[in-house]
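*Asks:* Take this structure, written in structure tokens, and hold onto it; I'll ask about it next.
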Amino acid sequence: MRDAPYPDPTAALPGSILRDDVVPAGGYWSRRLPRGDGLRIVDLEGRQAVDFLAYDANAPKANRYNVGNTVKFAGTIYLTAGHQLFDDAARPMMTILADTCGRHDTLAGCCSAEANLRRYGKQATPNCKSNFIKGLGEHGLSPRDLVMNVNFFMNVPVRMDGTTAIDEGWSRPGDRIDLRAEMDLICLISNCPQADNPCCGYNPTPIRIIHWHGSVDTA
Ligand SMILES: [Zn+2]
């Protein structure tokens, strides 16, 4: 992490802050998020991919973040403010309240040791799948509970001919996404350690995660 001060990402948060963490490059984070509470994820240095998963805290094995439902109801693969994350039961899990970046990925899932070996020929690389499995374990869940995730600040454009790529992110230092829990949740975050493709600008960097409680207008 750099020594230079970051802009204060709590300045526009009138709710009370329950937790405020900096997650180092390649680190992970997990926490219960009660219904109505908010989560602010700040890309401190820009161009960092943040892999994210949510589970219904009352039925985490049954109701998980569901990418198909999320894309169907959003009507787009590119989520932004006003869209919601949906679960397996087609219920809204979270609402995106604010988004200063404007490009997030719903298609590529998380990096894994297996995929890194296949793509880059490297053994035992740090990866988001392992981070998610550690986070699941903190909530009594197993690797079998891992589902397809959403990637905040990651840029996976889809071209007219259907081809895709992992491209450099759009986020600038201090860009943020604010989400409100629409049910009691378990949230997992892997601050992607990927250094072999442009998803983190070939240079993974820290993020800040703020859990707030209270009625706020973050628009
Ligand atoms: Zn990753």
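Naming scheme: A, B, ... for chains in displayed order of the structure tokens; residues 1 onward per chain; ligands 1 onward as shown.
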What does the list of residues within 9 Å of ligand 1 look like if you count only C-alpha atoms and all ligand atoms, written as a list in words?

*Replies:*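 Using only C-alpha atoms and all ligand atoms, everything at most 9 Å from ligand 1 comes to Gly26, Ala49, Val50, Asp51, Gly109, Cys110, Cys111, Ser112, Pro126, Asn127, Cys128, Lys129, Asn131, Asn151, Ser190, Asn191, Cys192, Pro193, Gln194, Ala195, Cys199 and Cys200 of chain A.
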
*Asks:* Restricting the calculation to only C-alpha atoms: of A:Tyr120, A:Tyr202, A:Trp212, A:Phe153, which residue gets closest to Thr100 in chain A?

*Replies:*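 Ranked by minimum distance to Thr100 in chain A, first place goes to A:Phe153.
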
*Asks:* Which is closest to Thr205 in chain A among A:Gln48, A:Gln123, A:Asn149, A:Ser16, if we use only C-alpha atoms?

*Replies:* A:Gln48

*Asks:* Tell me, in Å to one decimal, how far CA of Ala12 in chain A is from CA of Arg91 in chain A.

*Replies:*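 Interatomic distance here is 28.7 Å.
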
*Asks:* Tell me which protein, DNA and RNA residues are within 6 Å of Gly174 in chain A, counting only C-alpha atoms, leaving out same-chain ones fewer than 3 positions away, and put them as a PyMOL selection string.

*Replies:* chain A and resi 42-44

*Asks:* For Arg47 in chain A, work out the shell of residues within 6 Å, counting only C-alpha atoms and skipping chain neighbours fewer than 6 positions away, then give it as a PyMOL selection string.

*Replies:* chain A and resi 169+171+200-201

*Asks:* Could the residues in this selection be written to a file with N, CA and C atoms, as a JSON list (two decimals), in the first residue's frame?

*Replies:*
```
[["chain", "number", "residue", "atom", "x", "y", "z"],
["A", 169, "GLY", "N", -9.37, -2.07, -16.60],
["A", 169, "GLY", "CA", -10.54, -1.49, -15.96],
["A", 169, "GLY", "C", -10.67, 0.00, -16.23],
["A", 171, "SER", "N", -11.84, 2.06, -13.81],
["A", 171, "SER", "CA", -11.88, 2.78, -12.54],
["A", 171, "SER", "C", -10.63, 3.62, -12.33],
["A", 200, "CYS", "N", -6.40, -6.22, -13.32],
["A", 200, "CYS", "CA", -5.91, -5.35, -12.24],
["A", 200, "CYS", "C", -4.76, -4.47, -12.75],
["A", 201, "GLY", "N", -4.75, -4.22, -14.04],
["A", 201, "GLY", "CA", -3.68, -3.41, -14.62],
["A", 201, "GLY", "C", -2.30, -4.05, -14.45]]
```

*Asks:* Taking the backbone alone, and naming residues the way the document does, which bits of chain A are strand (DSSP E or B) by DSSP, as number ranges by chain?

*Replies:* A: 16-23, 28-33, 38-43, 50-56, 64-65, 84-87, 92-99, 105, 150-152, 155, 158, 164, 167, 175-181, 185-191, 207-213

*Asks:* Let me make sure I understand: among A:Pro60, A:Pro204, A:Gly75, A:Gly162, which one has the smallest atom-to-atom distance to Arg144 in chain A if we use only C-alpha atoms?

*Replies:* A:Pro60

*Asks:* As a list of chain:residue names, please: every residue in range 102-166 of chain A that DSSP puts in helix (DSSP H, G or I).

*Replies:* A:Ala113, A:Glu114, A:Ala115, A:Asn116, A:Leu117, A:Arg118, A:Arg119, A:Tyr120, A:Cys128, A:Lys129, A:Ser130, A:Asn131, A:Phe132, A:Ile133, A:Lys134, A:Gly135, A:Leu136, A:Gly137, A:Pro143, A:Arg144, A:Asp145

*Asks:* What separation in Å, quoted to one decimal, exists between CA of Ala54 in chain A and CA of Thr163 in chain A?

*Replies:*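 That distance, rounded to one decimal, is 28.1 Å.
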
*Asks:* Using only C-alpha atoms, can you tell me which of A:Arg119, A:His211, A:Arg103, A:Arg180 comes closest to Asp20 in chain A?

*Replies:*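 Ranking A:Arg119, A:His211, A:Arg103, A:Arg180 by distance to Asp20 in chain A, first place goes to A:His211.
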
*Asks:* What does the structure give for the distance between CA of Asp178 in chain A and CA of Ile166 in chain A, in Å to one decimal?

*Replies:*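 Going from CA of Asp178 in chain A over to CA of Ile166 in chain A covers 23.5 Å.
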